[in-house]
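Trainee: Just one file: upload.cif, with mmCIF, C-alpha atoms and all ligand atoms.
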data_coords
loop_
_atom_site.label_atom_id
_atom_site.label_comp_id
_atom_site.auth_asym_id
_atom_site.auth_seq_id
_atom_site.Cartn_x
_atom_site.Cartn_y
_atom_site.Cartn_z
CA MET A 402 22.25 -2.99 3.46
CA LYS A 403 20.48 -5.72 5.43
CA ILE A 404 16.77 -4.98 5.68
CA LEU A 405 14.00 -6.77 7.56
CA VAL A 406 10.68 -6.52 5.74
CA ALA A 407 7.69 -7.19 7.97
CA GLY A 408 4.75 -8.13 5.77
CA GLY A 409 7.00 -8.97 2.82
CA ALA A 410 4.60 -11.62 1.49
CA GLY A 411 1.85 -9.07 0.78
CA TYR A 412 1.29 -7.07 -2.38
CA ILE A 413 3.44 -3.99 -1.78
CA GLY A 414 5.84 -5.82 0.56
CA SER A 415 6.68 -8.51 -2.00
CA CYS A 416 7.21 -5.97 -4.79
CA CYS A 417 9.45 -3.93 -2.50
CA THR A 418 11.41 -7.03 -1.46
CA GLU A 419 12.09 -7.83 -5.09
CA TYR A 420 13.13 -4.22 -5.76
CA LEU A 421 15.61 -4.22 -2.84
CA LEU A 422 17.10 -7.57 -3.86
CA ASP A 423 17.50 -6.38 -7.46
CA ARG A 424 19.61 -3.53 -6.11
CA GLY A 425 21.93 -5.77 -4.14
CA HIS A 426 20.41 -5.49 -0.68
CA GLU A 427 19.96 -8.42 1.66
CA VAL A 428 16.35 -8.98 2.68
CA VAL A 429 14.79 -10.94 5.53
CA VAL A 430 11.02 -11.27 5.17
CA PHE A 431 9.00 -11.72 8.38
CA ASP A 432 5.38 -12.59 7.65
CA ALA A 433 2.59 -14.56 9.32
CA LEU A 434 1.00 -15.42 5.93
CA LEU A 435 -2.43 -14.43 7.24
CA LYS A 436 -3.05 -12.42 4.08
CA GLY A 437 0.22 -12.72 2.18
CA HIS A 438 1.43 -15.57 -0.02
CA ARG A 439 4.55 -17.65 0.47
CA ASP A 440 4.98 -17.78 -3.34
CA ALA A 441 5.05 -14.00 -3.48
CA VAL A 442 8.31 -13.93 -1.52
CA ASP A 443 11.33 -13.69 -3.79
CA PRO A 444 13.42 -16.87 -3.40
CA ARG A 445 16.54 -14.71 -2.88
CA ALA A 446 15.09 -13.43 0.44
CA THR A 447 15.36 -15.23 3.76
CA PHE A 448 11.82 -16.08 4.87
CA LEU A 449 10.76 -16.19 8.53
CA LEU A 450 7.23 -17.29 9.36
CA GLY A 451 6.09 -15.32 12.37
CA HIS A 452 3.49 -12.94 13.74
CA LEU A 453 4.28 -9.44 14.96
CA GLY A 454 2.06 -10.14 17.94
CA ASP A 455 4.59 -12.70 19.17
CA PRO A 456 7.29 -10.68 20.95
CA ALA A 457 9.69 -13.63 21.24
CA ALA A 458 9.52 -14.35 17.50
CA VAL A 459 9.98 -10.69 16.58
CA THR A 460 12.88 -10.19 18.98
CA ALA A 461 14.54 -13.42 17.80
CA ALA A 462 14.25 -12.34 14.15
CA VAL A 463 15.77 -8.91 14.76
CA ALA A 464 18.45 -10.25 17.15
CA ALA A 465 19.50 -13.02 14.76
CA HIS A 466 19.65 -10.91 11.60
CA ARG A 467 20.64 -7.49 12.99
CA PRO A 468 19.11 -5.48 10.14
CA GLU A 469 20.21 -1.90 9.61
CA GLY A 470 16.71 -0.96 8.52
CA ILE A 471 13.18 -2.29 8.93
CA ILE A 472 10.29 -1.75 6.54
CA HIS A 473 6.95 -2.38 8.18
CA PHE A 474 4.15 -3.36 5.77
CA ALA A 475 2.32 -5.88 7.95
CA ALA A 476 -1.25 -4.68 8.44
CA PHE A 477 -4.89 -5.33 7.75
CA ILE A 478 -6.10 -2.97 5.00
CA GLU A 479 -9.86 -3.34 4.58
CA VAL A 480 -11.47 0.00 5.33
CA GLY A 481 -15.00 -1.48 5.47
CA GLU A 482 -13.96 -4.28 7.82
CA SER A 483 -12.22 -1.76 10.09
CA MET A 484 -15.58 -0.05 10.63
CA GLN A 485 -17.17 -3.33 11.69
CA ASP A 486 -14.34 -4.71 13.78
CA PRO A 487 -12.10 -1.82 14.89
CA GLY A 488 -10.47 -3.94 17.59
CA LYS A 489 -9.00 -6.21 14.93
CA TYR A 490 -7.34 -3.18 13.33
CA PHE A 491 -6.08 -1.51 16.49
CA ARG A 492 -4.76 -4.84 17.81
CA ASN A 493 -2.97 -5.83 14.62
CA ASN A 494 -1.97 -2.51 13.08
CA VAL A 495 -1.08 -0.75 16.33
CA ALA A 496 -0.46 -3.09 19.25
CA CYS A 497 1.43 -5.86 17.41
CA GLY A 498 3.77 -3.36 15.79
CA ILE A 499 5.02 -2.24 19.20
CA ASN A 500 6.98 -5.50 19.40
CA LEU A 501 8.78 -4.55 16.20
CA LEU A 502 9.68 -1.09 17.47
CA ASP A 503 10.93 -2.43 20.82
CA ALA A 504 13.07 -5.02 19.03
CA ALA A 505 14.39 -2.30 16.70
CA VAL A 506 15.45 -0.17 19.66
CA ALA A 507 16.92 -3.11 21.59
CA HIS A 508 19.05 -4.21 18.63
CA GLY A 509 20.25 -0.88 17.27
CA VAL A 510 18.20 -0.70 14.08
CA ARG A 511 18.96 2.67 12.48
CA LYS A 512 15.71 3.36 10.68
CA VAL A 513 12.14 2.14 10.36
CA VAL A 514 10.11 2.89 7.23
CA PHE A 515 6.39 2.50 7.81
CA SER A 516 3.55 1.86 5.32
CA SER A 517 1.05 4.56 6.03
CA THR A 518 -1.86 5.75 3.96
CA ALA A 519 -3.72 8.70 2.51
CA ALA A 520 -6.59 7.48 4.70
CA VAL A 521 -5.00 9.46 7.58
CA TYR A 522 -6.41 12.64 5.94
CA GLY A 523 -10.06 11.59 6.02
CA MET A 524 -11.97 14.15 3.97
CA PRO A 525 -9.16 16.55 3.00
CA ARG A 526 -9.85 20.19 2.21
CA THR A 527 -6.70 20.89 0.17
CA ILE A 528 -6.27 19.08 -3.18
CA PRO A 529 -3.60 18.07 -4.05
CA ILE A 530 -2.96 17.07 -0.43
CA PRO A 531 0.28 18.19 1.23
CA GLU A 532 1.57 16.53 4.43
CA SER A 533 0.55 19.68 6.34
CA GLU A 534 -3.15 18.90 5.74
CA PRO A 535 -4.84 18.11 9.07
CA THR A 536 -5.06 14.38 9.79
CA ARG A 537 -8.64 13.46 10.65
CA PRO A 538 -9.27 9.85 9.63
CA VAL A 539 -12.85 8.87 8.94
CA ASN A 540 -12.32 5.15 9.44
CA ALA A 541 -10.61 2.93 12.01
CA TYR A 542 -8.08 1.71 9.43
CA GLY A 543 -6.79 5.26 8.82
CA GLU A 544 -6.81 5.93 12.57
CA SER A 545 -4.76 2.79 13.24
CA LYS A 546 -2.10 3.98 10.79
CA LEU A 547 -2.09 7.48 12.25
CA ILE A 548 -1.66 6.17 15.81
CA PHE A 549 1.31 4.12 14.65
CA GLU A 550 2.83 7.17 12.96
CA ARG A 551 2.53 9.04 16.26
CA MET A 552 4.13 6.14 18.14
CA LEU A 553 7.04 6.22 15.71
CA ALA A 554 7.57 9.91 16.46
CA TRP A 555 7.69 9.14 20.21
CA TYR A 556 10.21 6.34 19.65
CA GLY A 557 12.29 8.93 17.80
CA THR A 558 12.04 11.49 20.60
CA ILE A 559 12.65 9.01 23.41
CA HIS A 560 14.93 6.38 21.88
CA GLY A 561 16.39 8.21 18.89
CA LEU A 562 14.86 5.69 16.45
CA GLN A 563 14.72 7.28 12.99
CA SER A 564 11.57 6.69 11.00
CA ALA A 565 9.66 7.70 7.91
CA ALA A 566 5.93 7.17 7.40
CA LEU A 567 5.09 6.79 3.72
CA ARG A 568 1.50 7.77 3.08
CA TYR A 569 0.51 5.85 -0.03
CA PHE A 570 -2.30 6.93 -2.25
CA ASN A 571 -3.67 4.11 -4.44
CA ALA A 572 -1.02 1.46 -5.02
CA ALA A 573 -1.49 -0.26 -8.38
CA GLY A 574 0.29 -2.24 -11.08
CA ALA A 575 2.66 -5.17 -10.90
CA THR A 576 6.17 -6.32 -11.66
CA GLU A 577 6.89 -9.40 -13.78
CA ARG A 578 6.54 -11.73 -10.78
CA CYS A 579 4.72 -9.78 -8.05
CA GLY A 580 1.16 -8.54 -8.27
CA GLU A 581 -2.03 -7.85 -6.38
CA ASP A 582 -3.89 -10.90 -5.05
CA HIS A 583 -6.17 -10.11 -2.12
CA ASP A 584 -8.84 -12.34 -0.68
CA PRO A 585 -11.43 -10.91 -0.57
CA GLU A 586 -10.58 -8.40 -3.30
CA SER A 587 -12.00 -4.95 -2.69
CA HIS A 588 -9.74 -2.73 -4.80
CA LEU A 589 -10.99 -1.17 -7.99
CA ILE A 590 -8.37 -2.15 -10.59
CA PRO A 591 -8.23 -5.89 -9.76
CA ILE A 592 -12.02 -6.02 -9.56
CA VAL A 593 -12.43 -4.39 -12.97
CA MET A 594 -9.90 -6.87 -14.37
CA GLN A 595 -11.85 -9.78 -12.89
CA VAL A 596 -14.86 -8.50 -14.87
CA ALA A 597 -12.74 -8.26 -18.03
CA GLU A 598 -11.62 -11.87 -17.42
CA GLY A 599 -15.23 -12.99 -17.05
CA LYS A 600 -14.73 -13.94 -13.39
CA ARG A 601 -17.33 -11.37 -12.28
CA ASP A 602 -20.47 -10.27 -14.14
CA ARG A 603 -20.02 -6.54 -13.73
CA VAL A 604 -18.28 -3.88 -11.71
CA ARG A 605 -20.36 -1.86 -9.32
CA ILE A 606 -19.58 1.86 -9.48
CA PHE A 607 -19.93 3.09 -5.92
CA GLY A 608 -21.57 6.48 -6.40
CA THR A 609 -22.18 8.46 -9.58
CA ASP A 610 -23.30 11.72 -7.98
CA TYR A 611 -20.02 12.96 -6.51
CA PRO A 612 -18.97 16.56 -7.21
CA THR A 613 -16.45 15.44 -9.86
CA PRO A 614 -16.63 15.88 -13.66
CA ASP A 615 -18.13 12.43 -14.32
CA GLY A 616 -19.74 11.99 -10.89
CA THR A 617 -17.44 9.17 -9.76
CA CYS A 618 -14.63 9.27 -7.19
CA ILE A 619 -11.18 10.39 -8.20
CA ARG A 620 -8.05 8.65 -6.91
CA ASP A 621 -4.31 8.98 -7.44
CA TYR A 622 -2.93 5.63 -8.69
CA ILE A 623 0.78 5.07 -8.15
CA HIS A 624 2.81 2.16 -9.51
CA VAL A 625 3.99 -0.27 -6.87
CA THR A 626 7.59 -0.13 -8.15
CA ASP A 627 7.59 3.63 -7.69
CA LEU A 628 6.46 3.02 -4.11
CA ALA A 629 9.31 0.53 -3.69
CA GLN A 630 11.79 3.14 -4.91
CA ALA A 631 10.56 5.55 -2.22
CA HIS A 632 11.11 2.95 0.53
CA LEU A 633 14.74 2.52 -0.38
CA LEU A 634 15.28 6.28 -0.60
CA ALA A 635 13.62 6.72 2.79
CA LEU A 636 15.85 4.03 4.32
CA ASP A 637 18.97 5.68 2.92
CA SER A 638 17.94 9.16 4.01
CA GLU A 639 18.48 10.78 7.40
CA GLU A 640 15.16 12.59 6.98
CA CYS A 641 12.25 11.55 9.18
CA GLY A 642 8.51 12.26 9.29
CA SER A 643 5.72 11.67 6.82
CA PHE A 644 5.82 11.66 3.03
CA ASN A 645 2.89 11.53 0.62
CA LEU A 646 3.41 9.16 -2.29
CA GLY A 647 1.22 9.62 -5.32
CA SER A 648 1.52 10.57 -8.95
CA GLY A 649 -0.23 13.92 -8.51
CA THR A 650 -2.77 12.96 -11.19
CA GLY A 651 -6.33 11.93 -10.50
CA HIS A 652 -8.41 9.34 -12.34
CA SER A 653 -12.10 8.71 -11.83
CA VAL A 654 -13.66 5.28 -11.40
CA ARG A 655 -15.03 5.58 -14.95
CA ASP A 656 -11.55 6.51 -16.26
CA ILE A 657 -10.18 3.31 -14.73
CA ILE A 658 -12.93 1.18 -16.24
CA ASP A 659 -12.31 2.75 -19.67
CA THR A 660 -8.56 2.15 -19.33
CA VAL A 661 -9.11 -1.51 -18.44
CA ARG A 662 -11.42 -1.87 -21.48
CA GLU A 663 -8.72 -0.37 -23.73
CA VAL A 664 -5.84 -2.38 -22.26
CA THR A 665 -7.63 -5.72 -22.17
CA GLY A 666 -9.83 -5.36 -25.25
CA HIS A 667 -12.69 -6.86 -23.25
CA PRO A 668 -16.07 -5.33 -22.45
CA VAL A 669 -16.62 -4.38 -18.83
CA PRO A 670 -20.30 -4.19 -17.91
CA VAL A 671 -21.03 -1.80 -15.05
CA LEU A 672 -23.76 -1.36 -12.48
CA GLU A 673 -24.25 2.09 -11.01
CA ALA A 674 -24.59 1.56 -7.27
CA GLU A 675 -24.92 3.51 -4.04
CA ARG A 676 -21.98 5.40 -2.61
CA ARG A 677 -19.65 3.34 -0.42
CA PRO A 678 -19.64 4.85 3.07
CA GLY A 679 -16.47 6.79 3.94
CA ASP A 680 -15.26 7.40 0.37
CA PRO A 681 -13.83 10.91 -0.10
CA PRO A 682 -14.76 12.29 -3.55
CA ARG A 683 -11.20 13.15 -4.52
CA LEU A 684 -7.77 12.10 -3.21
CA ILE A 685 -4.74 13.43 -5.06
CA SER A 686 -1.28 13.61 -3.58
CA ASP A 687 1.06 16.54 -3.41
CA SER A 688 4.33 14.59 -3.25
CA THR A 689 6.65 17.61 -3.40
CA ARG A 690 8.27 16.68 -0.10
CA ALA A 691 9.17 13.15 -1.22
CA ARG A 692 10.55 14.47 -4.49
CA GLN A 693 12.58 17.26 -2.92
CA VAL A 694 13.72 15.70 0.34
CA LEU A 695 14.11 12.05 -0.70
CA GLY A 696 14.89 12.66 -4.37
CA TRP A 697 11.95 10.45 -5.37
CA HIS A 698 11.30 10.20 -9.12
CA PRO A 699 8.29 8.05 -9.92
CA GLU A 700 8.80 6.52 -13.36
CA HIS A 701 5.30 5.38 -14.32
CA ASP A 702 3.28 8.44 -15.21
CA SER A 703 0.62 6.85 -17.38
CA ILE A 704 -2.41 5.07 -15.99
CA GLY A 705 -2.40 2.95 -19.17
CA ASP A 706 1.08 1.61 -18.33
CA ILE A 707 0.09 0.92 -14.73
CA VAL A 708 -3.03 -0.99 -15.76
CA GLU A 709 -1.09 -2.80 -18.48
CA SER A 710 1.49 -4.06 -15.98
CA ALA A 711 -1.31 -5.37 -13.75
CA TRP A 712 -2.97 -7.05 -16.72
CA ARG A 713 0.29 -8.74 -17.80
CA TRP A 714 0.67 -10.15 -14.30
CA ARG A 715 -2.90 -11.47 -14.25
CA ARG A 716 -2.44 -13.21 -17.57
CA ARG A 717 0.73 -14.80 -16.28
CA PHE A 718 -0.91 -15.84 -12.99
CA PRO A 719 -4.61 -16.26 -13.85
CA ASP A 720 -5.33 -17.76 -10.44
CA GLY A 721 -3.06 -15.39 -8.58
CA TYR A 722 -0.73 -17.12 -6.18
CA ARG A 723 -3.20 -19.99 -5.64
CA LYS A 724 -1.90 -22.11 -8.45
N1 LIG B 1 -14.75 1.36 -6.27
C1 LIG B 1 -15.87 1.08 -7.02
N2 LIG B 1 -16.20 -0.23 -7.18
C2 LIG B 1 -15.51 -1.26 -6.64
C3 LIG B 1 -14.35 -0.96 -5.88
C4 LIG B 1 -14.00 0.37 -5.71
O1 LIG B 1 -16.54 1.98 -7.51
O2 LIG B 1 -15.89 -2.43 -6.83
C5 LIG B 1 -14.35 2.77 -6.09
C6 LIG B 1 -14.29 3.17 -4.64
O3 LIG B 1 -15.55 3.56 -4.17
C7 LIG B 1 -13.28 4.30 -4.71
C8 LIG B 1 -12.34 3.90 -5.84
O4 LIG B 1 -13.05 2.92 -6.60
O5 LIG B 1 -13.93 5.48 -5.08
C9 LIG B 1 -11.05 3.27 -5.35
O6 LIG B 1 -11.37 2.26 -4.41
P1 LIG B 1 -10.31 1.23 -3.81
O7 LIG B 1 -11.07 0.34 -2.87
O8 LIG B 1 -9.56 0.60 -4.92
O9 LIG B 1 -9.30 2.15 -3.05
P2 LIG B 1 -9.55 3.25 -1.91
O10 LIG B 1 -9.28 4.59 -2.54
O11 LIG B 1 -10.83 3.09 -1.22
O12 LIG B 1 -8.44 2.86 -0.84
C10 LIG B 1 -7.09 2.73 -1.17
C11 LIG B 1 -6.45 1.70 -0.26
C12 LIG B 1 -6.48 2.16 1.16
C13 LIG B 1 -5.87 3.52 1.25
C14 LIG B 1 -6.49 4.47 0.28
C15 LIG B 1 -5.78 5.77 0.29
O13 LIG B 1 -7.15 0.49 -0.34
O14 LIG B 1 -5.76 1.26 1.93
O15 LIG B 1 -6.43 3.94 -1.03
O16 LIG B 1 -6.14 6.55 -0.80
F1 LIG B 1 -6.05 4.00 2.48
#
How would this structure read if it were set down as structure tokens?
Ligand code: UFG

Mentor:
Amino acid sequence: MKILVAGGAGYIGSCCTEYLLDRGHEVVVFDALLKGHRDAVDPRATFLLGHLGDPAAVTAAVAAHRPEGIIHFAAFIEVGESMQDPGKYFRNNVACGINLLDAAVAHGVRKVVFSSTAAVYGMPRTIPIPESEPTRPVNAYGESKLIFERMLAWYGTIHGLQSAALRYFNAAGATERCGEDHDPESHLIPIVMQVAEGKRDRVRIFGTDYPTPDGTCIRDYIHVTDLAQAHLLALDSEECGSFNLGSGTGHSVRDIIDTVREVTGHPVPVLEAERRPGDPPRLISDSTRARQVLGWHPEHDSIGDIVESAWRWRRRFPDGYRK
């Protein structure tokens, strides 16, 4: 299948591109390199430098390559920033993506698979969280993803464009060549590893008084290759709608720090800090729908393996993609 990957130079997009190529698919990466890295793009992919906000560039890419499917990863992802500059998120994550959907409709793309997020649920009441849980985002980032999901549904109703919105929980881990390299880094696992490497003094634990067994927030960490598998299944499937993607197992912030200590063999000093605004105490996925409807079988069920894969990547690329 020929697949256009918007945002294929980012963390999950580059891992997914590699996964698709390994399985014999043809991939065209469209990325503005605002956050992504040119070196993250697998050399077997065709690379197009362009911004989704440029309708001519988007239309030209889709018209020239005529992909059967599009995977849309291109987005800003900083929850905190989205609460300071919501316009940046609605403009980029919502408005710019319209160009991609219009080009998909104009050029007969069969299916769009969209990177959504557990952040659409806000403070969920049901744990583990099924897709039927009400969507009430508590930050502009989650809202931007939810609006785009709703737009996709309208493009389905009006234009017959098939789509699947994959609601990721906490993406983690790495492949041999693709890993997580954000600037600035705000995610827990890479930050804890930076402490283990001696690049940061300590990791701040944001809140130790949550109603969880050790008082720190619980998240559902899912290996990036397992996410990639779900994208291909969603592209192949006729099924539409939203799918939660998580392991179904929760790990606290302290669990993650302990796992990084074990995997790396380095001490990780911590500083107990205030809660980070907008953090739900516990996010764990009920991914029954993805397993049953898409036939998704995540392969990495141990947090130790996930952290180990990330650590291997960091040792191979100590400066990330900025060599
Ligand atoms: N945390 C710390 N210290 C840090 C960084 C994070 O204690 O230095 C804590 C956070 O407060 C949170 C947990 O570690 O409790 C995980 O935080 P991340 O920033 O790694 O991830 P989030 O759960 O906040 O967000 C991630 C993605 C979002 C997505 C969400 C869905 O970044 O895009 O998962 O679950 F929406």

Trainee: Report, in Å to a single decimal, how far apart atom CA of A:Val661 and atom C13 of ligand LIG 1 (chain B) are.

Mentor: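 Separation between atom C13 of ligand LIG 1 (chain B) and atom CA of A:Val661: 20.6 Å.
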
Trainee: For stretch 480-488 of chain A, please output as a PyMOL selection string all residues within 9 Å (counting all atoms listed in the file; exclusion window: fewer than 2 positions along the same chain).

Mentor: chain A and resi 477-478+490-493+520+540-543+545+677-679

Trainee: For ligand LIG 1 (chain B), list the contacting residues at 8 Å or closer, counting only C-alpha atoms and all ligand atoms, as number ranges by chain.

Mentor: A: 478-480, 517-521, 542-543, 569-572, 587-590, 592-593, 604-608, 617-621, 653-654, 676-677, 680-682, 684

Trainee: Report as a VMD selection string all protein, DNA and RNA residues lying within 6 Å of A:His426, evaluated on all atoms listed in the file, omitting residues in the same chain fewer than 4 positions from it.

Mentor: chain A and resid 402 421 to 422

Trainee: With distances taken over all atoms listed in the file, which of A:Ala575, A:Val430, A:Ala597, A:Val506 is nearest to A:Ile559?

Mentor: A:Val506

Trainee: Name the residues in contact with stretch 437-450 of chain A at a cut-off of 12 Å, using only C-alpha atoms, excluding same-chain residues fewer than 3 positions from it; report them as a PyMOL selection string.

Mentor: chain A and resi 403-423+425-434+453+455+458-459+461-463+465-466+474-478+575-584+718+721-724

Trainee: Calculate how many Å separate atom CA of A:Ile530 from atom CA of A:Gly649, rounding to one decimal.

Mentor: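 Rounded to one decimal, the two atoms are 9.1 Å apart.
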
Trainee: Pick from A:Asp720, A:Glu700, A:Asp687, A:Glu532: nearest to A:Val625, with all atoms listed in the file counted?

Mentor: A:Glu700

Trainee: Using atom CA of A:Asp627 and atom CA of A:Asp656 as the two end points, give the distance in Å to one decimal.

Mentor: 21.2 Å

Trainee: Using only C-alpha atoms, pick whichever of A:Pro585, A:Pro529, A:Gly616, A:Pro538 has the shortest atom-to-atom distance to A:Thr650.

Mentor: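 Going through A:Pro585, A:Pro529, A:Gly616, A:Pro538 one by one, the smallest distance to A:Thr650 is for A:Pro529.
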
Trainee: With all atoms listed in the file as the atoms that count, which of A:Arg713, A:His632, A:Arg683, A:Arg655 lies nearest to A:Leu695?

Mentor: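 Of A:Arg713, A:His632, A:Arg683, A:Arg655, the one nearest A:Leu695, counting all atoms listed in the file, is A:His632.
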
Trainee: Under the rule that all atoms listed in the file are counted, which of A:Leu636, A:Glu673, A:Tyr622, A:Arg551 is the nearest residue to A:Arg603?

Mentor: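 Comparing A:Leu636, A:Glu673, A:Tyr622, A:Arg551 against A:Arg603, the winner is A:Glu673.
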
Trainee: Just the residues within 7 Å of stretch 633-635 of chain A, please, counting all atoms listed in the file, with nothing from its chain fewer than 2 positions along; format it as a PDB file with C-alpha atoms, keeping the file's coordinate frame.

Mentor:
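Now in part_39.pdb:
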ATOM      1  CA  VAL A 514      10.110   2.890   7.230  1.00  0.00           C
ATOM      2  CA  ALA A 565       9.660   7.700   7.910  1.00  0.00           C
ATOM      3  CA  ALA A 629       9.310   0.530  -3.690  1.00  0.00           C
ATOM      4  CA  GLN A 630      11.790   3.140  -4.910  1.00  0.00           C
ATOM      5  CA  ALA A 631      10.560   5.550  -2.220  1.00  0.00           C
ATOM      6  CA  ASP A 637      18.970   5.680   2.920  1.00  0.00           C
ATOM      7  CA  SER A 638      17.940   9.160   4.010  1.00  0.00           C
ATOM      8  CA  LEU A 695      14.110  12.050  -0.700  1.00  0.00           C
TER       9      LEU A 695
END

Trainee: Residues within 9 Å of A:Glu550, please, as a list in words. Count all atoms listed in the file; anything in the same chain fewer than 6 positions from it doesn't count.

Mentor: Phe515, Ser517, Ser564, Ala565, Ala566, Gly642 and Ser643 of chain A
